[in-house]
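Okay, target_36.tsv is below, TSV, C-alpha atoms and all ligand atoms:
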chain	number	residue	atom	x	y	z
C	248	MET	CA	160.41	301.67	141.89
C	249	LYS	CA	162.56	298.56	141.67
C	250	PHE	CA	160.99	297.78	138.29
C	251	ILE	CA	161.81	301.20	136.83
C	252	LYS	CA	165.43	300.90	137.91
C	253	LYS	CA	165.86	297.63	136.00
C	254	ILE	CA	164.88	299.11	132.62
C	255	THR	CA	167.86	300.61	130.89
C	256	ARG	CA	167.62	303.23	128.19
C	257	ARG	CA	168.79	300.69	125.60
C	258	GLY	CA	166.20	298.13	126.81
C	259	PHE	CA	163.42	300.71	126.66
C	260	ILE	CA	164.26	301.68	123.06
C	261	LYS	CA	164.45	298.02	122.05
C	262	LYS	CA	161.00	297.29	123.53
C	263	ALA	CA	159.54	300.42	121.94
C	264	ILE	CA	160.84	299.39	118.49
C	265	ILE	CA	159.45	295.86	118.88
C	266	THR	CA	156.08	297.25	120.01
C	267	LEU	CA	155.89	299.69	117.08
C	268	ALA	CA	156.89	297.00	114.59
C	269	SER	CA	154.19	294.68	116.01
C	270	LEU	CA	151.55	297.40	115.72
C	271	GLU	CA	152.63	298.09	112.14
C	272	LEU	CA	152.32	294.39	111.24
C	273	LEU	CA	148.91	294.20	112.90
C	274	TYR	CA	147.75	297.27	110.94
C	275	VAL	CA	148.92	295.75	107.62
C	276	PHE	CA	147.27	292.41	108.44
C	277	VAL	CA	143.91	294.01	109.35
C	278	ASN	CA	143.99	296.09	106.14
C	279	LEU	CA	144.61	292.97	104.06
C	280	LEU	CA	141.65	291.21	105.71
C	281	ASN	CA	139.37	294.19	105.05
C	282	LYS	CA	140.37	294.38	101.38
C	283	GLY	CA	139.64	290.67	100.94
C	284	SER	CA	136.16	290.92	102.42
C	285	GLU	CA	135.34	294.06	100.39
C	286	ALA	CA	136.26	292.26	97.16
C	287	LYS	CA	134.00	289.32	98.06
C	288	GLU	CA	131.07	291.61	98.80
C	289	ALA	CA	131.43	293.82	95.72
C	290	THR	CA	128.63	293.44	93.23
C	291	HIS	CA	128.84	294.01	89.52
C	292	LEU	CA	125.30	294.35	88.25
C	293	PHE	CA	124.92	293.88	84.52
C	294	ASN	CA	121.76	295.11	82.82
C	295	ALA	CA	120.71	292.36	80.39
C	296	GLY	CA	117.70	294.35	79.16
C	297	ASP	CA	113.94	294.64	79.59
C	298	THR	CA	112.07	291.46	80.53
C	299	ASP	CA	109.91	291.86	77.40
C	300	LEU	CA	112.95	291.37	75.15
C	301	PHE	CA	113.27	287.72	76.13
C	302	GLU	CA	110.86	285.20	74.60
C	303	HIS	CA	109.65	282.30	76.70
C	304	GLY	CA	111.52	279.05	76.07
C	305	LYS	CA	114.63	280.67	74.58
C	306	LEU	CA	118.28	280.95	75.58
C	307	TYR	CA	120.27	284.16	75.05
C	308	PRO	CA	124.09	284.20	75.02
C	309	PHE	CA	126.03	287.02	76.70
C	310	SER	CA	129.48	285.96	75.57
C	311	ASN	CA	131.46	288.91	76.93
C	312	GLU	CA	129.91	288.48	80.36
C	313	ARG	CA	130.30	284.67	80.17
C	314	PHE	CA	126.71	283.59	80.80
C	315	TYR	CA	123.52	282.54	79.02
C	316	LEU	CA	120.20	284.02	80.07
C	317	SER	CA	117.48	281.42	79.87
C	318	ARG	CA	113.85	282.52	79.70
C	319	LEU	CA	111.98	279.42	80.70
C	320	THR	CA	108.64	278.40	79.22
C	321	ASP	CA	106.84	279.55	82.40
C	322	GLY	CA	108.45	283.01	82.17
C	323	GLY	CA	111.14	282.50	84.81
C	324	PHE	CA	114.75	283.52	84.33
C	325	LEU	CA	117.97	281.58	84.91
C	326	ALA	CA	121.45	283.03	84.31
C	327	ILE	CA	123.82	280.14	83.60
C	328	SER	CA	127.59	280.64	83.74
C	329	THR	CA	129.57	279.40	80.73
C	330	LYS	CA	132.52	278.43	82.94
C	331	CYS	CA	132.82	274.66	82.89
C	332	THR	CA	132.77	273.16	86.38
C	333	HIS	CA	135.50	270.69	85.44
C	334	LEU	CA	138.50	272.93	84.75
C	335	GLY	CA	136.97	276.23	83.72
C	336	CYS	CA	136.84	276.18	79.91
C	337	THR	CA	133.98	278.03	78.23
C	338	VAL	CA	130.98	275.89	77.34
C	339	GLN	CA	128.71	276.65	74.38
C	340	PHE	CA	125.09	275.79	73.84
C	341	LYS	CA	124.56	273.61	70.76
C	342	ASN	CA	121.03	274.11	69.48
C	343	LYS	CA	121.03	270.93	67.38
C	344	ASP	CA	121.91	268.82	70.46
C	345	ASN	CA	119.91	270.99	72.89
C	346	LYS	CA	122.78	270.98	75.39
C	347	PHE	CA	125.88	272.81	76.56
C	348	ILE	CA	129.14	271.19	75.43
C	349	CYS	CA	132.61	271.88	76.77
C	350	PRO	CA	135.26	271.93	74.01
C	351	CYS	CA	138.08	270.88	76.35
C	352	HIS	CA	137.10	267.45	77.70
C	353	ALA	CA	133.57	267.01	76.30
C	354	SER	CA	131.50	267.48	79.45
C	355	ALA	CA	127.88	268.05	78.53
C	356	PHE	CA	125.11	269.87	80.41
C	357	ASN	CA	121.37	270.11	79.79
C	358	LYS	CA	119.54	273.41	79.20
C	359	PHE	CA	119.34	273.97	82.98
C	360	GLY	CA	123.10	273.43	83.31
C	361	GLU	CA	122.91	269.96	84.89
C	362	VAL	CA	125.62	267.42	84.05
C	363	LEU	CA	124.75	264.99	81.28
C	364	ALA	CA	128.27	263.69	80.65
C	365	PRO	CA	131.48	263.78	82.75
C	366	PRO	CA	134.23	264.61	83.61
C	367	ALA	CA	132.33	267.55	85.17
C	368	THR	CA	130.56	266.38	88.33
C	369	ARG	CA	128.34	269.33	89.19
C	370	ALA	CA	125.97	271.67	87.39
C	371	LEU	CA	127.09	274.91	85.79
C	372	ASP	CA	127.06	277.82	88.24
C	373	ILE	CA	124.20	280.28	88.16
C	374	LEU	CA	124.39	284.04	88.61
C	375	PRO	CA	121.97	285.91	90.89
C	376	ILE	CA	119.21	287.79	89.04
C	377	THR	CA	117.30	290.83	90.25
C	378	ILE	CA	114.40	292.27	88.31
C	379	ALA	CA	113.97	295.97	88.96
C	380	ASN	CA	111.87	298.41	86.93
C	381	ASN	CA	111.28	295.65	84.40
C	382	LYS	CA	115.06	295.27	83.82
C	383	VAL	CA	116.86	291.97	84.23
C	384	MET	CA	119.96	292.66	86.33
C	385	ILE	CA	122.65	289.97	86.67
C	386	ASP	CA	125.29	290.01	89.41
C	387	LEU	CA	128.42	288.93	87.56
C	388	ASN	CA	130.56	288.76	90.71
C	389	LYS	CA	128.57	286.21	92.67
C	390	PRO	CA	128.40	282.90	90.84
C	391	GLN	CA	126.56	280.30	92.90
C	392	LYS	CA	127.75	276.71	92.95
C	393	ARG	CA	125.15	273.94	92.81
C	394	LEU	CA	125.05	270.22	92.25
C	395	LYS	CA	121.77	270.16	90.33
C	396	HIS	CA	119.03	272.44	89.13
C	397	ASN	CA	115.92	273.08	91.18
C	398	SER	CA	113.01	275.49	90.90
C	399	SER	CA	114.23	277.69	93.79
C	400	GLN	CA	117.05	278.86	91.49
C	401	ILE	CA	114.59	280.50	89.05
C	402	THR	CA	113.79	284.22	89.25
C	403	TYR	CA	110.36	285.54	88.27
C	404	ALA	CA	109.38	289.10	87.36
B	1	LIG	S1	137.13	271.91	81.33
B	1	LIG	FE1	135.19	271.34	80.61
B	1	LIG	S2	135.26	269.20	80.51
B	1	LIG	FE2	137.19	269.75	81.24

Can I see the file as structure tokens?
Ligand code: FES
Amino acid sequence: MKFIKKITRRGFIKKAIITLASLELLYVFVNLLNKGSEAKEATHLFNAGDTDLFEHGKLYPFSNERFYLSRLTDGGFLAISTKCTHLGCTVQFKNKDNKFICPCHASAFNKFGEVLAPPATRALDILPITIANNKVMIDLNKPQKRLKHNSSQITYA
């Protein structure tokens, strides 16, 4: 009873306003966190086409989607991002040199995306591939960083 007597009407209103404002801030903060995690998890599957369209040992550019689809000699697939791992310029594959070259600072990468010449220090990112109903589906929203190429990065039909 002593406690109730000490709270004035003005004090009660002040505490209620502070509590409501705190709850409002908490609500906004939680919503921001949820939106961030949803964006990270969102997939954007791009249908590159039927597996049969891609000849073994050839590289196919998808310029608008910023990747090359490589059909390896053993039939595996590798989707290589064209975003340079130095500062993000767009690399291009030069057939006569058999390598990716960055026009900005001349980094070079082999046909698997591994660094041949600096300033880039790590391999080009790869994009996850799923093969469903004979279609090669590329997830454009989940580039995977890597230092070098290895066979576990290849997808087979
Ligand atoms: S952005 Fe490609 S080498 Fe610098």

Protein/DNA/RNA residues near (117.1, 276.6, 72.9), cut 7 Å, all atoms listed in the file, as a count of residues only: 5

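Nearest residue to ligand LIG 1 (chain B), choosing from C:Pro390, C:Pro350, C:Gly360, C:Gly296 and counting only C-alpha atoms and all ligand atoms: C:Pro350.
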
Just want the 9 Å neighbourhood of Glu312 in chain C, counted on only C-alpha atoms, with same-chain residues fewer than 6 positions away dropped. Output as a PDB file with C-alpha atoms, keeping the file's coordinate frame.
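Here's the written file out36.pdb:
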ATOM      1  CA  PHE C 293     124.920 293.880  84.520  1.00  0.00           C
ATOM      2  CA  SER C 328     127.590 280.640  83.740  1.00  0.00           C
ATOM      3  CA  LEU C 387     128.420 288.930  87.560  1.00  0.00           C
TER       4      LEU C 387
END

Nearest residue to ligand LIG 1 (chain B) from the set C:Ala289, C:Thr332, C:Lys382, C:Arg393 (distances using all atoms listed in the file):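 Closest residue, counting all atoms listed in the file: C:Thr332.
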
CA of Asp344 in chain C to CA of Arg369 in chain C, straight-line distance in Å: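 It comes out at 19.8 Å.
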
Contacts to ligand LIG 1 (chain B) at 8 Å cut-off (only C-alpha atoms and all ligand atoms) as an mmCIF file with C-alpha atoms, keeping the file's coordinate frame:
data_model
loop_
_atom_site.group_PDB
_atom_site.id
_atom_site.type_symbol
_atom_site.label_atom_id
_atom_site.label_comp_id
_atom_site.auth_asym_id
_atom_site.auth_seq_id
_atom_site.Cartn_x
_atom_site.Cartn_y
_atom_site.Cartn_z
ATOM 1 C CA LYS C 330 132.520 278.430 82.940
ATOM 2 C CA CYS C 331 132.820 274.660 82.890
ATOM 3 C CA THR C 332 132.770 273.160 86.380
ATOM 4 C CA HIS C 333 135.500 270.690 85.440
ATOM 5 C CA LEU C 334 138.500 272.930 84.750
ATOM 6 C CA GLY C 335 136.970 276.230 83.720
ATOM 7 C CA CYS C 336 136.840 276.180 79.910
ATOM 8 C CA THR C 337 133.980 278.030 78.230
ATOM 9 C CA VAL C 338 130.980 275.890 77.340
ATOM 10 C CA ILE C 348 129.140 271.190 75.430
ATOM 11 C CA CYS C 349 132.610 271.880 76.770
ATOM 12 C CA PRO C 350 135.260 271.930 74.010
ATOM 13 C CA CYS C 351 138.080 270.880 76.350
ATOM 14 C CA HIS C 352 137.100 267.450 77.700
ATOM 15 C CA ALA C 353 133.570 267.010 76.300
ATOM 16 C CA SER C 354 131.500 267.480 79.450
ATOM 17 C CA ALA C 355 127.880 268.050 78.530
ATOM 18 C CA PRO C 365 131.480 263.780 82.750
ATOM 19 C CA PRO C 366 134.230 264.610 83.610
ATOM 20 C CA ALA C 367 132.330 267.550 85.170
#

Shortest interatomic distance to Leu319 in chain C - which of C:Ala263, C:Met384, C:Phe359, C:Asp297, counting all atoms listed in the file: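 The answer is C:Phe359, which sits nearest to Leu319 in chain C.
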
Pairwise distance for CA of Leu363 in chain C and CA of Ala295 in chain C, rounded to one decimal in Å: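 One can read the CA of Leu363 in chain C to CA of Ala295 in chain C distance as 27.7 Å.
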